[in-house]
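Text of the file work02.tsv, holding TSV, C-alpha atoms:
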chain	number	residue	atom	x	y	z
Q	1	MET	CA	0.00	0.00	0.00
Q	2	GLN	CA	2.89	2.36	0.69
Q	3	LYS	CA	4.15	1.92	-2.86
Q	4	ALA	CA	0.70	2.84	-4.17
Q	5	ILE	CA	0.53	5.98	-2.02
Q	6	SER	CA	4.01	7.08	-3.07
Q	7	SER	CA	3.15	6.62	-6.74
Q	8	LEU	CA	0.54	9.39	-6.43
Q	9	PHE	CA	3.16	12.13	-6.01
Q	10	MET	CA	5.13	14.12	-8.57
Q	11	THR	CA	7.75	16.55	-7.31
Q	12	GLY	CA	10.27	19.07	-8.55
Q	13	LEU	CA	14.00	19.09	-7.89
Q	14	PRO	CA	15.95	22.12	-6.67
Q	15	GLY	CA	18.76	22.08	-9.24
Q	16	PRO	CA	20.42	20.47	-12.25
Q	17	THR	CA	21.57	17.30	-10.45
Q	18	VAL	CA	19.95	14.77	-8.15
Q	19	ASP	CA	20.38	16.36	-4.72
Q	20	ASP	CA	20.32	14.67	-1.30
Q	21	SER	CA	16.74	15.71	-0.53
Q	22	SER	CA	15.48	14.21	-3.78
Q	23	ARG	CA	17.46	11.05	-3.11
Q	24	ASP	CA	15.80	10.80	0.30
Q	25	LEU	CA	12.33	11.19	-1.21
Q	26	VAL	CA	13.05	8.21	-3.44
Q	27	ALA	CA	14.85	6.10	-0.84
Q	28	GLN	CA	12.67	6.83	2.18
Q	29	LEU	CA	9.21	7.45	0.70
Q	30	GLY	CA	9.41	5.74	-2.68
Q	31	ILE	CA	8.55	8.88	-4.67
Q	32	ASN	CA	9.23	8.10	-8.33
Q	33	HIS	CA	7.69	10.87	-10.48
Q	34	PHE	CA	9.33	14.22	-11.22
Q	35	ILE	CA	8.80	17.52	-13.03
Q	36	ILE	CA	11.49	19.53	-14.81
Q	37	PHE	CA	11.78	23.33	-14.62
Q	38	LYS	CA	14.29	25.85	-15.99
Q	39	ARG	CA	16.25	25.57	-12.76
Q	40	ASN	CA	17.00	21.94	-13.64
Q	41	VAL	CA	18.35	22.58	-17.14
Q	42	VAL	CA	21.86	23.60	-18.23
Q	43	ASP	CA	22.13	21.95	-21.65
Q	44	PRO	CA	20.88	18.81	-23.46
Q	45	ASP	CA	23.65	16.52	-22.21
Q	46	GLN	CA	23.16	17.58	-18.60
Q	47	LEU	CA	19.38	17.16	-18.80
Q	48	LYS	CA	19.72	13.72	-20.35
Q	49	LYS	CA	22.06	12.67	-17.53
Q	50	LEU	CA	19.67	14.06	-14.90
Q	51	CYS	CA	16.81	11.99	-16.32
Q	52	GLN	CA	19.02	8.91	-16.56
Q	53	ASP	CA	20.14	9.40	-12.95
Q	54	LEU	CA	16.51	9.64	-11.80
Q	55	GLY	CA	15.71	6.41	-13.62
Q	56	GLN	CA	18.73	4.67	-12.12
Q	57	LEU	CA	17.85	5.89	-8.63
Q	58	CYS	CA	14.34	4.47	-8.96
Q	59	ARG	CA	15.73	1.13	-10.18
Q	60	GLU	CA	18.12	0.96	-7.22
Q	61	HIS	CA	15.12	1.15	-4.89
Q	62	GLN	CA	12.97	-1.33	-6.86
Q	63	LEU	CA	10.55	1.34	-8.00
Q	64	ASP	CA	8.76	1.60	-11.31
Q	65	PRO	CA	10.41	3.76	-13.99
Q	66	PRO	CA	9.68	7.43	-13.34
Q	67	LEU	CA	7.27	9.67	-15.11
Q	68	ILE	CA	9.41	12.73	-15.90
Q	69	SER	CA	7.28	15.68	-16.92
Q	70	ILE	CA	7.70	19.25	-18.14
Q	71	ASP	CA	5.63	22.26	-19.19
Q	72	GLN	CA	6.88	22.68	-22.75
Q	73	GLU	CA	4.00	24.53	-24.37
Q	74	GLY	CA	6.21	26.85	-26.41
Q	75	GLY	CA	6.39	30.65	-26.32
Q	76	THR	CA	5.36	32.07	-22.95
Q	77	VAL	CA	5.67	28.74	-21.12
Q	78	ALA	CA	8.77	26.84	-22.19
Q	79	ARG	CA	11.28	25.32	-19.78
Q	80	LEU	CA	13.89	24.49	-22.42
Q	81	GLY	CA	15.80	27.46	-23.78
Q	82	PRO	CA	18.41	27.43	-26.56
Q	83	PRO	CA	20.10	25.27	-27.81
Q	84	PHE	CA	16.82	23.33	-27.61
Q	85	ARG	CA	14.37	24.14	-30.38
Q	86	GLN	CA	12.18	27.15	-29.67
Q	87	PHE	CA	8.48	27.33	-30.47
Q	88	ALA	CA	5.90	30.09	-30.72
Q	89	ASP	CA	2.97	30.72	-28.38
Q	90	ALA	CA	-0.06	28.54	-29.05
Q	91	ARG	CA	-2.05	31.62	-30.04
Q	92	GLU	CA	0.30	32.35	-32.93
Q	93	TYR	CA	-0.12	28.82	-34.23
Q	94	GLY	CA	-3.88	28.90	-33.81
Q	95	GLU	CA	-4.24	32.09	-35.82
Q	96	ASP	CA	-1.98	30.95	-38.67
Q	97	GLU	CA	-3.48	30.00	-42.03
Q	98	GLU	CA	-1.44	26.79	-41.85
Q	99	ALA	CA	-2.30	26.07	-38.22
Q	100	GLU	CA	-2.78	22.33	-38.66
Q	101	GLU	CA	0.67	21.88	-40.20
Q	102	ARG	CA	2.34	24.15	-37.66
Q	103	VAL	CA	0.89	22.47	-34.56
Q	104	ALA	CA	1.71	19.04	-35.96
Q	105	GLU	CA	5.30	20.12	-36.53
Q	106	PHE	CA	5.48	21.60	-33.04
Q	107	ALA	CA	4.21	18.38	-31.48
Q	108	ARG	CA	6.56	16.17	-33.49
Q	109	LEU	CA	9.72	18.23	-32.91
Q	110	CYS	CA	8.92	18.96	-29.29
Q	111	ALA	CA	8.36	15.26	-28.58
Q	112	GLN	CA	11.63	14.44	-30.30
Q	113	ASP	CA	13.55	16.88	-28.09
Q	114	LEU	CA	11.88	15.60	-24.93
Q	115	ARG	CA	12.38	11.91	-25.71
Q	116	GLU	CA	16.05	12.44	-26.50
Q	117	CYS	CA	16.52	13.84	-22.99
Q	118	GLY	CA	14.39	11.22	-21.24
Q	119	ILE	CA	11.26	13.30	-20.57
Q	120	ASN	CA	8.12	11.27	-21.20
Q	121	LEU	CA	5.18	13.48	-20.18
Q	122	ASN	CA	4.48	16.98	-21.49
Q	123	PHE	CA	1.89	19.14	-19.74
Q	124	ALA	CA	0.49	20.34	-23.07
Q	125	PRO	CA	-1.63	21.19	-24.97
Q	126	VAL	CA	-3.56	24.01	-23.33
Q	127	LEU	CA	-7.20	23.44	-24.30
Q	128	ASP	CA	-8.61	26.51	-22.58
Q	129	VAL	CA	-10.82	28.45	-24.99
Q	130	CYS	CA	-9.79	32.07	-24.56
Q	131	PRO	CA	-11.25	35.26	-26.08
Q	132	ALA	CA	-8.86	37.85	-27.47
Q	133	ASN	CA	-8.29	41.33	-26.09
Q	134	GLN	CA	-10.35	40.90	-22.93
Q	135	GLY	CA	-7.55	40.80	-20.36
Q	136	CYS	CA	-7.58	37.03	-19.92
Q	137	PHE	CA	-4.22	35.87	-18.59
Q	138	MET	CA	-4.27	32.66	-20.70
Q	139	GLU	CA	-4.67	34.51	-24.01
Q	140	GLN	CA	-1.24	33.82	-25.53
Q	141	ARG	CA	-1.12	30.24	-24.19
Q	142	ALA	CA	-4.47	29.30	-25.75
Q	143	LEU	CA	-4.98	28.07	-29.30
Q	144	GLY	CA	-7.89	30.43	-29.86
Q	145	SER	CA	-11.42	31.54	-29.02
Q	146	ASP	CA	-13.39	29.04	-31.13
Q	147	PRO	CA	-14.06	25.79	-29.23
Q	148	ALA	CA	-14.24	23.66	-32.37
Q	149	ARG	CA	-10.96	25.06	-33.68
Q	150	VAL	CA	-9.19	24.60	-30.33
Q	151	ALA	CA	-10.52	21.05	-30.21
Q	152	GLN	CA	-9.26	20.28	-33.72
Q	153	LEU	CA	-5.78	21.68	-33.15
Q	154	GLY	CA	-5.52	20.17	-29.69
Q	155	GLN	CA	-6.38	16.75	-31.09
Q	156	ILE	CA	-3.58	17.08	-33.67
Q	157	ILE	CA	-1.07	17.95	-30.94
Q	158	ILE	CA	-2.17	15.08	-28.72
Q	159	GLU	CA	-2.13	12.43	-31.43
Q	160	THR	CA	1.18	13.59	-32.93
Q	161	MET	CA	2.96	13.90	-29.60
Q	162	GLN	CA	1.76	10.56	-28.30
Q	163	ALA	CA	2.58	8.81	-31.56
Q	164	ALA	CA	6.13	10.08	-31.02
Q	165	GLY	CA	6.29	8.45	-27.58
Q	166	VAL	CA	5.59	11.39	-25.24
Q	167	ALA	CA	2.38	11.44	-23.22
Q	168	ALA	CA	0.26	14.58	-23.64
Q	169	CYS	CA	-1.78	16.32	-20.96
Q	170	ALA	CA	-4.83	18.45	-21.75
Q	171	LYS	CA	-5.27	21.43	-19.44
Q	172	HIS	CA	-6.85	23.11	-17.48
Q	173	PHE	CA	-10.10	21.18	-16.89
Q	174	PRO	CA	-12.90	22.21	-17.14
Q	175	GLY	CA	-11.60	25.39	-18.80
Q	176	LEU	CA	-9.58	28.38	-17.62
Q	177	GLY	CA	-9.83	30.50	-20.75
Q	178	GLU	CA	-11.96	33.31	-19.38
Q	179	GLY	CA	-10.05	33.71	-16.13
Q	180	VAL	CA	-8.66	37.19	-15.55
Q	181	VAL	CA	-7.00	36.28	-12.23
Q	182	ASP	CA	-3.89	34.10	-12.29
Q	183	PRO	CA	-4.31	31.09	-9.94
Q	184	HIS	CA	-0.58	31.16	-9.27
Q	185	LEU	CA	-1.46	34.19	-7.13
Q	186	LEU	CA	-5.18	34.20	-6.28
Q	187	LEU	CA	-8.29	32.05	-6.62
Q	188	PRO	CA	-10.22	32.83	-9.83
Q	189	ARG	CA	-13.97	32.40	-10.18
Q	190	VAL	CA	-15.92	31.64	-13.35
Q	191	SER	CA	-19.58	32.64	-13.38
Q	192	LYS	CA	-20.65	30.96	-16.66
Q	193	SER	CA	-23.67	28.71	-16.47
Q	194	ALA	CA	-23.21	24.95	-16.54
Q	195	ALA	CA	-24.90	24.89	-19.95
Q	196	GLU	CA	-22.42	27.44	-21.32
Q	197	ILE	CA	-19.47	25.48	-19.96
Q	198	ARG	CA	-20.75	22.27	-21.55
Q	199	ALA	CA	-21.43	23.95	-24.90
Q	200	PHE	CA	-18.18	25.90	-25.00
Q	201	ASP	CA	-15.32	25.02	-22.65
Q	202	LEU	CA	-15.79	21.25	-22.58
Q	203	ILE	CA	-15.71	20.74	-26.35
Q	204	PRO	CA	-11.88	20.56	-26.64
Q	205	PHE	CA	-11.68	18.20	-23.65
Q	206	LYS	CA	-14.29	15.89	-25.15
Q	207	GLU	CA	-12.24	15.66	-28.33
Q	208	ALA	CA	-9.04	15.14	-26.33
Q	209	ILE	CA	-10.66	12.19	-24.57
Q	210	LYS	CA	-11.71	10.74	-27.94
Q	211	ALA	CA	-8.10	11.17	-29.09
Q	212	GLY	CA	-6.88	9.09	-26.14
Q	213	VAL	CA	-5.12	11.86	-24.23
Q	214	ALA	CA	-2.93	10.30	-21.53
Q	215	ALA	CA	-3.58	12.88	-18.81
Q	216	ILE	CA	-5.85	15.80	-17.97
Q	217	MET	CA	-4.77	18.57	-15.60
Q	218	THR	CA	-7.19	20.23	-13.21
Q	219	SER	CA	-7.90	23.93	-12.79
Q	220	HIS	CA	-7.53	25.84	-9.51
Q	221	VAL	CA	-10.73	27.76	-10.21
Q	222	ILE	CA	-14.20	27.90	-8.66
Q	223	TYR	CA	-16.92	27.34	-11.26
Q	224	GLN	CA	-19.91	28.85	-9.54
Q	225	HIS	CA	-22.52	26.83	-11.45
Q	226	LEU	CA	-20.68	23.50	-11.30
Q	227	ASP	CA	-19.54	23.59	-7.66
Q	228	PRO	CA	-19.95	26.97	-5.95
Q	229	GLU	CA	-17.96	26.02	-2.85
Q	230	THR	CA	-14.89	24.15	-4.09
Q	231	LEU	CA	-12.26	24.80	-6.74
Q	232	ALA	CA	-12.14	22.23	-9.52
Q	233	THR	CA	-8.96	20.49	-8.31
Q	234	MET	CA	-10.78	19.44	-5.13
Q	235	SER	CA	-14.33	19.10	-6.49
Q	236	ALA	CA	-15.92	15.65	-6.75
Q	237	PRO	CA	-18.82	17.04	-8.86
Q	238	ILE	CA	-16.26	18.26	-11.41
Q	239	LEU	CA	-13.59	15.52	-11.35
Q	240	THR	CA	-15.74	12.47	-10.65
Q	241	THR	CA	-19.29	13.28	-11.76
Q	242	LEU	CA	-18.45	15.44	-14.78
Q	243	LEU	CA	-15.05	14.21	-16.00
Q	244	ARG	CA	-15.16	10.53	-15.08
Q	245	GLN	CA	-18.85	9.70	-15.26
Q	246	GLU	CA	-20.37	12.14	-17.76
Q	247	LEU	CA	-17.43	12.45	-20.15
Q	248	GLY	CA	-16.19	8.88	-19.58
Q	249	TYR	CA	-12.53	9.75	-19.03
Q	250	GLU	CA	-10.45	6.81	-17.79
Q	251	GLY	CA	-6.92	8.25	-17.93
Q	252	VAL	CA	-4.77	10.03	-15.36
Q	253	VAL	CA	-6.09	13.17	-13.67
Q	254	VAL	CA	-3.19	15.34	-12.48
Q	255	THR	CA	-3.56	18.38	-10.26
Q	256	ASP	CA	-2.00	21.67	-11.20
Q	257	ASP	CA	0.75	22.64	-8.76
Q	258	LEU	CA	-0.68	22.46	-5.23
Q	259	GLU	CA	1.69	25.20	-4.07
Q	260	MET	CA	-0.10	27.93	-6.05
Q	261	GLY	CA	-1.62	30.89	-4.28
Q	262	ALA	CA	-5.14	29.78	-5.25
Q	263	ILE	CA	-4.56	26.80	-2.92
Q	264	GLU	CA	-2.16	27.99	-0.24
Q	265	ASN	CA	-3.95	31.25	0.49
Q	266	ASP	CA	-6.66	29.13	2.14
Q	267	LEU	CA	-5.36	25.60	2.72
Q	268	THR	CA	-2.17	23.75	3.51
Q	269	VAL	CA	-0.71	21.67	0.70
Q	270	PRO	CA	-1.21	18.38	2.62
Q	271	GLU	CA	-4.90	19.15	3.15
Q	272	ALA	CA	-5.31	20.15	-0.51
Q	273	ALA	CA	-3.60	16.90	-1.59
Q	274	CYS	CA	-5.99	14.84	0.52
Q	275	ARG	CA	-9.06	16.68	-0.77
Q	276	ALA	CA	-7.91	16.39	-4.39
Q	277	LEU	CA	-7.55	12.62	-4.07
Q	278	LYS	CA	-10.97	12.34	-2.44
Q	279	ALA	CA	-12.46	14.36	-5.31
Q	280	GLY	CA	-11.02	12.08	-7.98
Q	281	ALA	CA	-7.49	13.28	-8.80
Q	282	ASP	CA	-4.73	10.71	-9.30
Q	283	LEU	CA	-1.36	12.44	-9.53
Q	284	LEU	CA	-0.51	15.16	-6.98
Q	285	LEU	CA	1.83	17.83	-8.33
Q	286	ILE	CA	4.01	19.55	-5.69
Q	287	CYS	CA	6.69	21.40	-7.58
Q	288	HIS	CA	9.01	23.07	-5.10
Q	289	ASP	CA	9.09	22.32	-1.37
Q	290	HIS	CA	10.08	18.76	-0.43
Q	291	ALA	CA	8.90	19.30	3.14
Q	292	LYS	CA	5.39	19.73	1.73
Q	293	VAL	CA	5.75	16.48	-0.22
Q	294	ARG	CA	6.70	14.65	2.97
Q	295	ALA	CA	3.87	16.27	4.94
Q	296	SER	CA	1.37	15.44	2.19
Q	297	HIS	CA	2.54	11.83	2.10
Q	298	ALA	CA	1.98	11.61	5.86
Q	299	ARG	CA	-1.46	13.25	5.49
Q	300	ILE	CA	-2.56	10.66	2.91
Q	301	ASN	CA	-1.42	7.85	5.19
Q	302	GLN	CA	-3.38	9.38	8.07
Q	303	ALA	CA	-6.45	9.82	5.88
Q	304	LEU	CA	-6.28	6.13	4.97
Q	305	ALA	CA	-5.95	5.14	8.63
Q	306	ASP	CA	-8.92	7.37	9.54
Q	307	ASN	CA	-11.06	6.07	6.63
Q	308	GLU	CA	-11.19	9.50	4.99
Q	309	LEU	CA	-9.70	7.80	1.95
Q	310	SER	CA	-10.30	4.18	1.01
Q	311	ARG	CA	-7.79	1.63	-0.17
Q	312	GLU	CA	-9.90	1.27	-3.30
Q	313	GLN	CA	-9.55	5.00	-4.13
Q	314	ILE	CA	-5.79	4.93	-3.68
Q	315	MET	CA	-5.32	1.71	-5.62
Q	316	ALA	CA	-7.51	2.92	-8.50
Q	317	ALA	CA	-5.48	6.14	-8.80
Q	318	SER	CA	-2.18	4.27	-8.57
Q	319	GLN	CA	-3.29	1.77	-11.21
Q	320	ARG	CA	-4.22	4.53	-13.64
Q	321	ILE	CA	-0.77	6.07	-13.20
Q	322	GLY	CA	0.80	2.63	-13.54
Q	323	ARG	CA	-0.98	2.01	-16.84
Q	324	LEU	CA	0.34	5.30	-18.20
Q	325	SER	CA	3.87	4.47	-17.09
Q	326	ALA	CA	3.66	0.99	-18.58
Q	327	SER	CA	2.52	2.39	-21.92
Q	328	LEU	CA	5.54	4.69	-22.05
Q	329	PHE	CA	8.07	2.05	-21.07
Q	330	SER	CA	6.77	-0.69	-23.34
Q	331	ALA	CA	8.92	-1.97	-26.17
Q	332	ARG	CA	7.72	0.89	-28.37
Q	333	GLY	CA	8.16	3.60	-25.74
Q	334	PRO	CA	11.22	5.52	-24.52
Q	335	GLN	CA	13.86	3.51	-22.74
Rewrite the structure from the file as structure tokens, please.
Amino acid sequence: MQKAISSLFMTGLPGPTVDDSSRDLVAQLGINHFIIFKRNVVDPDQLKKLCQDLGQLCREHQLDPPLISIDQEGGTVARLGPPFRQFADAREYGEDEEAEERVAEFARLCAQDLRECGINLNFAPVLDVCPANQGCFMEQRALGSDPARVAQLGQIIIETMQAAGVAACAKHFPGLGEGVVDPHLLLPRVSKSAAEIRAFDLIPFKEAIKAGVAAIMTSHVIYQHLDPETLATMSAPILTTLLRQELGYEGVVVTDDLEMGAIENDLTVPEAACRALKAGADLLLICHDHAKVRASHARINQALADNELSREQIMAASQRIGRLSASLFSARGPQ
């Protein structure tokens, strides 16, 4: 059971090598999933060695091969600077007359760069449908303002990237496009009706699910007409009733970073991690502070002991993550 609990966590590293704290997370807690940021990257050779070292460390402790993720959307959000290939913002692609060709090329080349370094999960594409020139903070990261067009281009990215051996992640469910407040800092609220969300924001996610997207990332936003009390990352009506049951999604649900202001202004990270799992999330993303990873791990154990969380919930989440990992490390996946 401890291995299953540990498999639910994904954490960042402080620098470009495997440090003692990260080693302890693997050795003591069995944490075996990681996310890469700019602080972890010097050049391609160094990044490849870092990923190899993480894989070796997991093998030494009889853990499954690690999911190693990154936010490589291109443009505004890109963790890999030169000499890695550079890509435009999604908005530029979406507004191009040759958008289909350009997003396919982005997905293919981006996946190639990531696989060569040992990264196997990209937190892209952004499927938020975002109007132009209305002060929405996602504007440049979004593929456009037309749900059908965003869905079409997002599907191309997902299918191309995954065919190249890198898992894609659609974000931010159920749609962050009209947010004017950045959840890194504060908690946004969306006042659209449930009918509007279904007819507009959910269209790209429905197509992503049809395309077999490996993961879907949650949104740290309150949707007043879906769940007026709880942000989506911790909302069972949104993650279980809507995403799992209504839309039929069976893949991995990953939280956005639980250390964002939208969370920590009101809750501790361990409490948020517990509530996210109860709501239907699988993979808990804690990007910076290892002390919060350890505290969250202890909180999940306590929740299991107190029957706040069931063994069945934890095992189901761990198995979904395990199926994703197995698909990436099969004979056709990255080694």
**Asked** Taking into account all atoms listed in the file, which residue in the set Q:Arg85, Q:Lys48, Q:His184, Q:Arg294 is nearest to Phe137 in chain Q?
**Response**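 Smallest separation from Phe137 in chain Q among the options: Q:His184.
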**Prompt:** Which of these residues is nearest to Tyr249 in chain Q, using all atoms listed in the file: Q:Phe173, Q:Tyr223, Q:Phe200, Q:Phe9?
**Reply:** Q:Phe173
Please report as a Markdown table every residue of range 9-113 of chain Q lying within 8 Å of range 119-124 of chain Q, along with the nearest atom pair and their distance in Å (one decimal), using only C-alpha atoms.
| residue | atom | partner | partner_atom | distance |
| --- | --- | --- | --- | --- |
| Q:Cys51 | CA | Q:Ile119 | CA | 7.1 |
| Q:Leu67 | CA | Q:Asn120 | CA | 6.4 |
| Q:Ile68 | CA | Q:Ile119 | CA | 5.1 |
| Q:Ser69 | CA | Q:Leu121 | CA | 4.5 |
| Q:Ile70 | CA | Q:Asn122 | CA | 5.2 |
| Q:Asp71 | CA | Q:Phe123 | CA | 4.9 |
| Q:Gln72 | CA | Q:Asn122 | CA | 6.3 |
| Q:Glu73 | CA | Q:Ala124 | CA | 5.6 |
With C-alpha atoms retained, export the selected residues as a PDB file, in the coordinates of the input.
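Output (selection_26.pdb):
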ATOM      1  CA  CYS Q  51      16.810  11.990 -16.320  1.00  0.00           C
ATOM      2  CA  LEU Q  67       7.270   9.670 -15.110  1.00  0.00           C
ATOM      3  CA  ILE Q  68       9.410  12.730 -15.900  1.00  0.00           C
ATOM      4  CA  SER Q  69       7.280  15.680 -16.920  1.00  0.00           C
ATOM      5  CA  ILE Q  70       7.700  19.250 -18.140  1.00  0.00           C
ATOM      6  CA  ASP Q  71       5.630  22.260 -19.190  1.00  0.00           C
ATOM      7  CA  GLN Q  72       6.880  22.680 -22.750  1.00  0.00           C
ATOM      8  CA  GLU Q  73       4.000  24.530 -24.370  1.00  0.00           C
TER       9      GLU Q  73
END
**Message:** Nearest residue to Gly154 in chain Q out of Q:Leu187, Q:Leu243, Q:Leu324, Q:Val103, using all atoms listed in the file?
**Reply:**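 Nearest to Gly154 in chain Q: Q:Val103.
Note that CA of Ser296 in chain Q and CA of Glu60 in chain Q are 24.1 Å apart.
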**Request:** Provide the CA of Ile286 in chain Q to CA of Asp257 in chain Q distance in Å, to one decimal place.
**Result:**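 Atom-to-atom, CA of Ile286 in chain Q to CA of Asp257 in chain Q, that is 5.4 Å.
Among Q:Thr218, Q:Gln162, Q:Gln52, Q:Gln224, the residue with the shortest atom-to-atom distance to Ser191 in chain Q, counting all atoms listed in the file, is Q:Gln224.
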**Selected residue of minimal separation from Glu116 in chain Q among Q:Thr76, Q:Ser235, Q:Gln134, Q:Gln46, counting only C-alpha atoms** = Q:Gln46
List as a tab-separated table every residue of range 215-328 of chain Q that is in contact with range 22-37 of chain Q, defined as an atom at most 10 Å from one of its atoms (using only C-alpha atoms), together with the nearest atom pair and the distance in Å rounded to one decimal, sorted by chain and then rising number.
residue	atom	partner	partner_atom	distance
Q:Leu283	CA	Q:His33	CA	9.2
Q:Leu284	CA	Q:His33	CA	9.9
Q:Leu285	CA	Q:Ile35	CA	8.4
Q:Ile286	CA	Q:Ile35	CA	9.0
Q:Cys287	CA	Q:Ile35	CA	7.0
Q:His288	CA	Q:Ile35	CA	9.7
Q:His290	CA	Q:Ser22	CA	7.8
Q:Ala291	CA	Q:Leu25	CA	9.8
Q:Val293	CA	Q:Leu25	CA	8.5
Q:Arg294	CA	Q:Leu25	CA	7.8
Q:His297	CA	Q:Leu29	CA	8.1
Q:Ala298	CA	Q:Leu29	CA	9.8
Q:Ser325	CA	Q:His33	CA	10.0
**Asked** Do you have the CA of Ala276 in chain Q-CA of Ser327 in chain Q distance handy?
**Response**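 We find that CA of Ala276 in chain Q and CA of Ser327 in chain Q lie 24.7 Å from each other.
Near Asp128 in chain Q, within a cut-off of 7 Å and counting only C-alpha atoms, sit the residues Ala142, Lys171, His172, Gly175, Leu176, Gly177 and Asp201 of chain Q, with same-chain residues fewer than 4 positions away left out.
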